[in-house]
Amino acid sequence: MSEPFEPKIIAFVCTYCTYAGADLAGTSRLKYAPNVRIIRLPCTGRISPMFILKALQKGADGVLISGCHPGDCHFTHGNYHARRRWMVFRALLDFIGIPPERVKYSWISAAEGVKFAEFINSVTEDIRKLGPFEQYNQLIEQTQAPASL
Amino acid sequence: MTKILLSDKLDNCVQRWKSAGITVIGPVQRANISTYAAVEHASEFDLGIVLTDRSIKELFFPQTEPMLRYTIKKDAIDTDEFMPPAGPRIIFGGRPCDASGMAIDDPLFGWDYKDEYWFKRRNESVIVSIACAKADEFCMCTSLNLSPDSSKGSDVLLRPLENGKGWQVEELTERGREAFTTIADFLQESSDKVAPLAEVEKKFDLETCVDWLQKPENFESRFWKEISMRCIGCASCTYLCPTCHCFDIQDEGDTYSGFRRKNWDSCSFALFTMHTSGHNPRSTQSARWRQRIMHKFNYFPGKFSANSCSGCGRCTRQCPVDMGITETLQEISKLMQ
Amino acid sequence: MSIEEQYRTRAKELLSGGAVKMVIGYAKGTAGNRRRPVFISSPDEVDRLVLDEACIANLSGYLVSEGLLSDEKRVAVFLRPEGIRAINILAAESQLDSEQIVIFGFDVSGNEVKALKGIHVEEFTEVIEAIKESAPETTNEELLEKIEKMSPQERFSFWQEEFAKCIKCYACRQACPMCYCRRCIVDSNQPQWVNTSSHSLGNFEWNIVRAFHLAGRCVECGNCDRACPVNIPLRLINRKMAQEVLGAFDHFAGMSRTQEPVLASFKKDDSETFIL
């Protein structure tokens, strides 16, 4: 029997809300899928769409981005800027054909350890069902292959 | 009586070559652009266009190719070389200007260092060019001492028959003869006449231009700024040119492993001559345009006795702001009068 | 008097009186109905200026060429409405002082060229508002609709085929008035965000990044699309982004010199449906 597909998921999260929420999930001993690699940033306002592209370039099957709820940003309005950026970038990725199910966004506060664990679990399952990001993996493979002619 | 190949026998030839293990490549229309690609059947060829948008250079010097893969270990760096895909090829249906571009670049790629990537492909390719019965307003082969039926760089030259049924065959090199021996039974003797060649008006007097370029006082002439004001500094001309050959070596990877690649580069880019100190000897677009012209018609001929230009005209055809070398050389000719 | 003659006379007056140091306009190109940008500094050369329905390129990009406006003198430029919007954006982004720009406004519909009255960019606000209201169709609207109806996989395959052609010549970037960064993101290598090689992955990344950096700033002049030597339908991506920012934020690029850039500002009640 073949092994189930284990997606590689990268999460970009802000320090003061989502990362703290993840800590809370940990200290509360909540179980959640180990597929997500977390990258901590000071604020979602720091997240550039380059990061998402880089994660995909390196073979991620899914990308998560999460931060403070609007109005609660530690830096007052970083997440408002981030929200606008995501709205535009999401439409762009969708138009280019990168399935929106592979890049997910959420607001998770420092108190929402349970939400964090549930979010990770449900996203991992969703991406597991979608399978590896074949179309992008093909592009990556081409960069490792000799010229065609 | 001469040897001819009828176009309804072309697919037989393609299949015969393919069964001998030879990849057949030629001009095709793909996704709104005309380019060279490998074909399964002769019906995929588009042999009626004046010139493909993209040049034959890509088949010998691709836009990007990996040279080696590296893995950085604790005490050593492992490398794995990439060589060009192996295999003989016949490039059928290109134009004499494209073929001559390859002959122009051979001495460069074999100059102080023999570029294996170029020569492996060159040695495995047979170029069968078709002389031009039509030209457009951008063609300028005749200004470069070439012509619509130049044999430079080709292994076989085909001339379209006047009756439109095929081509007269002229085998030029040993490789060409070999390739056509394979399909000898599809050729026949004929006294059919060859169609008249395209008329390509001479656009400028090359010698006069070169004289002007060689005069040291013209290096600082105001002419360069005036002629290049509209140049936007993209690489369209460079990348579509059959003779342009600059490249950049880039490493794509991370801390542990990656690939070293050879990519096209262009002297039109602002950063082309940027030094790590921050100094850029060609910091204005006019300096870069001057470099382009000087290199093609002064420096390159000085080293390799050939102009780095085959007169295909793609630079002007495709330039977003209607530049290209023709106008510059025409204006230089006027300056000398 | 035709518009061409009218504007030639106006150019001559401005140049001889020293009101402007240069007029950037269109001249006849190599062949047929090609037009090329021309830079006239002397009143004797104004007859080189041409104005007809083939004058479609957006010339505003030349205004941010290095050093052109640093002597604080004025420059006149032939602009269609998209070009005028571009001036507003460049001014809003502090790339030029719109006081230095004298506009020779015109618009083309079908075969007719009509003059747009005004000299300074503020005088064209109504024209720009009218364009926002009427939401004109762009070329290739059919292809855009076709792409929108595709599934994500089909869209990916479509763009993969298109971007496979890309040769990273950057004609799109160089032709665009909004791409004025001295050091483009693809030229940065500490770190290297976007692969510069023109394999399909690198081409994908480049085109995505450029489209994102233009979101809310693109005036849809089509310079990029026309410049592309391999006929990639670039306008469509920028069109989609323009539609998105209009729908989500009611933002139409280039309305005024003081308009806030869409991604450098926000509203507390920006609403979306996808953030969990």
# chains A, B, ... in the order shown; residues from 1 in each chain; ligands from 1
>>> interface_residues(of="chain B", to="chain C", cutoff="8 Å", atoms="only C-alpha atoms", output="CSV table (one decimal) with C-alpha atoms, in the first residue's frame")
chain,number,residue,atom,x,y,z
B,31,ALA,CA,0.9,30.4,-30.3
B,32,ASN,CA,0.8,33.5,-32.4
B,33,ILE,CA,4.5,33.5,-33.2
B,53,ASP,CA,9.9,36.0,-35.8
B,63,GLN,CA,17.8,31.4,-24.1
B,64,THR,CA,18.6,29.5,-21.0
B,137,GLU,CA,10.7,46.4,-46.2
B,229,MET,CA,16.8,59.1,-27.9
B,230,ARG,CA,13.8,56.9,-28.3
B,232,ILE,CA,13.9,52.2,-24.4
B,233,GLY,CA,16.7,49.8,-23.5
B,234,CYS,CA,15.0,46.4,-23.9
B,235,ALA,CA,16.6,43.4,-25.4
B,236,SER,CA,14.2,42.7,-28.3
B,239,TYR,CA,17.5,38.4,-28.5
B,250,GLN,CA,23.6,32.7,-13.2
B,252,GLU,CA,20.0,29.5,-9.2
B,261,ARG,CA,22.9,28.4,-16.0
B,263,ASN,CA,21.3,32.8,-20.0
B,318,GLN,CA,10.3,43.9,-33.8
B,319,CYS,CA,11.6,47.1,-32.1
B,320,PRO,CA,8.8,48.6,-30.0
B,321,VAL,CA,10.0,52.1,-31.0
B,322,ASP,CA,11.0,51.4,-34.6
>>> interface_residues(of="chain A", to="chain C", cutoff="7 Å", atoms="only C-alpha atoms", output="compact mmCIF listing (two decimals) with N, CA and C atoms, in the first residue's frame")
# COMPACT_ATOMS: atom_id res chain seq x y z
N MET A 50 6.03 38.20 -2.94
CA MET A 50 7.24 37.47 -3.31
C MET A 50 7.40 36.22 -2.47
N LYS A 54 7.93 32.53 -3.76
CA LYS A 54 9.13 31.81 -3.38
C LYS A 54 8.77 30.45 -2.81
N TYR A 80 -4.34 45.90 7.57
CA TYR A 80 -5.24 46.52 6.57
C TYR A 80 -4.55 46.57 5.21
N HIS A 81 -3.24 46.93 5.25
CA HIS A 81 -2.48 46.94 3.99
C HIS A 81 -2.40 45.54 3.43
N ARG A 84 -5.55 44.36 1.62
CA ARG A 84 -5.69 44.87 0.24
C ARG A 84 -4.78 44.11 -0.71
N ARG A 85 -3.55 43.91 -0.23
CA ARG A 85 -2.58 43.22 -1.06
C ARG A 85 -3.07 41.84 -1.42
N VAL A 88 -5.87 41.66 -4.06
CA VAL A 88 -5.37 41.83 -5.43
C VAL A 88 -4.57 40.62 -5.87
N PHE A 89 -3.67 40.14 -5.00
CA PHE A 89 -2.80 39.03 -5.38
C PHE A 89 -3.61 37.76 -5.60
N LEU A 92 -5.06 37.84 -8.91
CA LEU A 92 -4.02 37.62 -9.91
C LEU A 92 -3.68 36.14 -10.03
N ILE A 96 -4.16 33.62 -13.27
CA ILE A 96 -3.04 32.93 -13.89
C ILE A 96 -3.23 31.41 -13.85
N GLY A 97 -4.12 30.94 -12.96
CA GLY A 97 -4.41 29.51 -12.94
C GLY A 97 -3.85 28.79 -11.73
N ILE A 98 -3.35 29.54 -10.76
CA ILE A 98 -2.91 28.89 -9.53
C ILE A 98 -4.15 28.76 -8.66
N PRO A 99 -4.59 27.52 -8.39
CA PRO A 99 -5.89 27.33 -7.73
C PRO A 99 -5.95 28.07 -6.41
N TYR A 105 -5.87 32.31 3.43
CA TYR A 105 -5.62 33.45 4.31
C TYR A 105 -6.55 33.37 5.51
N SER A 106 -6.07 33.82 6.67
CA SER A 106 -6.99 33.84 7.82
C SER A 106 -6.58 34.89 8.83
N TRP A 107 -7.52 35.22 9.72
CA TRP A 107 -7.21 36.06 10.88
C TRP A 107 -7.30 35.15 12.09
N LEU A 139 6.85 22.79 -13.81
CA LEU A 139 7.66 23.97 -14.11
C LEU A 139 9.00 23.89 -13.39
N ILE A 140 8.93 23.43 -12.13
CA ILE A 140 10.17 23.34 -11.35
C ILE A 140 11.09 22.29 -11.98
N THR A 143 13.19 23.41 -14.82
CA THR A 143 14.37 24.21 -14.52
C THR A 143 15.56 23.32 -14.21
>>> closest_atom_pairs(of="chain B", to="chain A", cutoff="7 Å", atoms="only C-alpha atoms", output="Markdown table")
| residue | atom | partner | partner_atom | distance |
| --- | --- | --- | --- | --- |
| B:Leu59 | CA | A:Leu149 | CA | 6.1 |
| B:Glu65 | CA | A:Ala147 | CA | 5.2 |
| B:Pro66 | CA | A:Pro146 | CA | 6.0 |
| B:Phe82 | CA | A:Pro146 | CA | 6.4 |
| B:Pro84 | CA | A:Ala147 | CA | 6.5 |
| B:Pro85 | CA | A:Leu149 | CA | 6.4 |
>>> write_last_selection(atoms="N, CA and C atoms", output="CSV table (one decimal), in the first residue's frame")
chain,number,residue,atom,x,y,z
B,59,LEU,N,18.5,27.5,-31.7
B,59,LEU,CA,18.7,26.0,-31.8
B,59,LEU,C,20.2,25.7,-31.4
B,65,GLU,N,20.1,27.6,-20.5
B,65,GLU,CA,20.3,26.2,-20.3
B,65,GLU,C,21.2,25.9,-19.1
B,66,PRO,N,21.0,24.8,-18.4
B,66,PRO,CA,21.8,24.5,-17.2
B,66,PRO,C,23.1,24.0,-17.7
B,82,PHE,N,25.8,19.2,-17.3
B,82,PHE,CA,24.8,19.1,-18.2
B,82,PHE,C,25.4,19.3,-19.6
B,84,PRO,N,24.4,19.6,-23.9
B,84,PRO,CA,23.2,19.7,-24.7
B,84,PRO,C,22.6,18.4,-25.1
B,85,PRO,N,21.3,18.3,-25.4
B,85,PRO,CA,20.7,17.0,-25.7
B,85,PRO,C,21.4,16.5,-27.0
>>> select_by_dssp(residues="range 149-189 of chain C", states="alpha helix (DSSP H)", output="list in words")
Lys149, Pro152, Gln153, Glu154, Arg155, Phe156, Ser157, Phe158, Trp159, Gln160, Glu161, Glu162, Phe163, Ala164, Ala171, Cys172, Arg173, Gln174 and Ala175 of chain C
>>> write_last_selection(atoms="N, CA and C atoms", output="CSV table (one decimal), in the first residue's frame")
chain,number,residue,atom,x,y,z
C,149,LYS,N,-13.6,31.9,-18.2
C,149,LYS,CA,-14.5,30.7,-18.2
C,149,LYS,C,-13.8,29.4,-18.0
C,152,PRO,N,-9.2,26.4,-13.4
C,152,PRO,CA,-7.8,26.8,-13.0
C,152,PRO,C,-6.7,26.0,-13.8
C,153,GLN,N,-6.9,24.7,-14.0
C,153,GLN,CA,-5.9,23.9,-14.7
C,153,GLN,C,-5.8,24.4,-16.2
C,154,GLU,N,-6.9,24.7,-16.8
C,154,GLU,CA,-6.9,25.2,-18.2
C,154,GLU,C,-6.2,26.5,-18.3
C,155,ARG,N,-6.5,27.4,-17.3
C,155,ARG,CA,-5.9,28.7,-17.3
C,155,ARG,C,-4.4,28.6,-17.1
C,156,PHE,N,-4.0,27.7,-16.2
C,156,PHE,CA,-2.6,27.5,-16.0
C,156,PHE,C,-1.9,27.0,-17.3
C,157,SER,N,-2.5,26.1,-18.0
C,157,SER,CA,-2.0,25.6,-19.2
C,157,SER,C,-1.9,26.7,-20.3
C,158,PHE,N,-3.0,27.5,-20.3
C,158,PHE,CA,-3.0,28.6,-21.3
C,158,PHE,C,-1.8,29.5,-21.1
C,159,TRP,N,-1.6,30.0,-19.8
C,159,TRP,CA,-0.6,30.9,-19.5
C,159,TRP,C,0.8,30.2,-19.6
C,160,GLN,N,0.9,28.9,-19.3
C,160,GLN,CA,2.1,28.3,-19.4
C,160,GLN,C,2.6,28.3,-20.9
C,161,GLU,N,1.7,28.0,-21.8
C,161,GLU,CA,2.0,28.1,-23.2
C,161,GLU,C,2.5,29.5,-23.6
C,162,GLU,N,1.7,30.5,-23.1
C,162,GLU,CA,2.1,31.8,-23.5
C,162,GLU,C,3.4,32.2,-22.9
C,163,PHE,N,3.6,31.9,-21.6
C,163,PHE,CA,4.9,32.4,-21.0
C,163,PHE,C,6.1,31.6,-21.4
C,164,ALA,N,5.8,30.4,-22.0
C,164,ALA,CA,6.9,29.6,-22.5
C,164,ALA,C,7.6,30.4,-23.6
C,171,ALA,N,11.0,44.0,-22.8
C,171,ALA,CA,10.4,45.1,-23.6
C,171,ALA,C,9.1,45.6,-22.9
C,172,CYS,N,8.4,44.7,-22.2
C,172,CYS,CA,7.2,45.1,-21.5
C,172,CYS,C,7.5,46.1,-20.4
C,173,ARG,N,8.5,45.8,-19.7
C,173,ARG,CA,8.9,46.7,-18.6
C,173,ARG,C,9.4,48.0,-19.1
C,174,GLN,N,10.3,48.0,-20.1
C,174,GLN,CA,10.9,49.2,-20.6
C,174,GLN,C,9.9,50.1,-21.3
C,175,ALA,N,8.9,49.5,-21.9
C,175,ALA,CA,7.9,50.3,-22.6
C,175,ALA,C,6.9,50.9,-21.7
>>> residues_around(residues="Arg29 in chain A", least_positions_apart="4", cutoff="12 Å", atoms="only C-alpha atoms", output="PyMOL selection string")
chain A and resi 22-25+113-114+117
>>> closest_residue(among="A:Pro49, A:Gln57, A:Thr15, A:Ser122", to="Ala82 in chain A", atoms="only C-alpha atoms")
A:Pro49
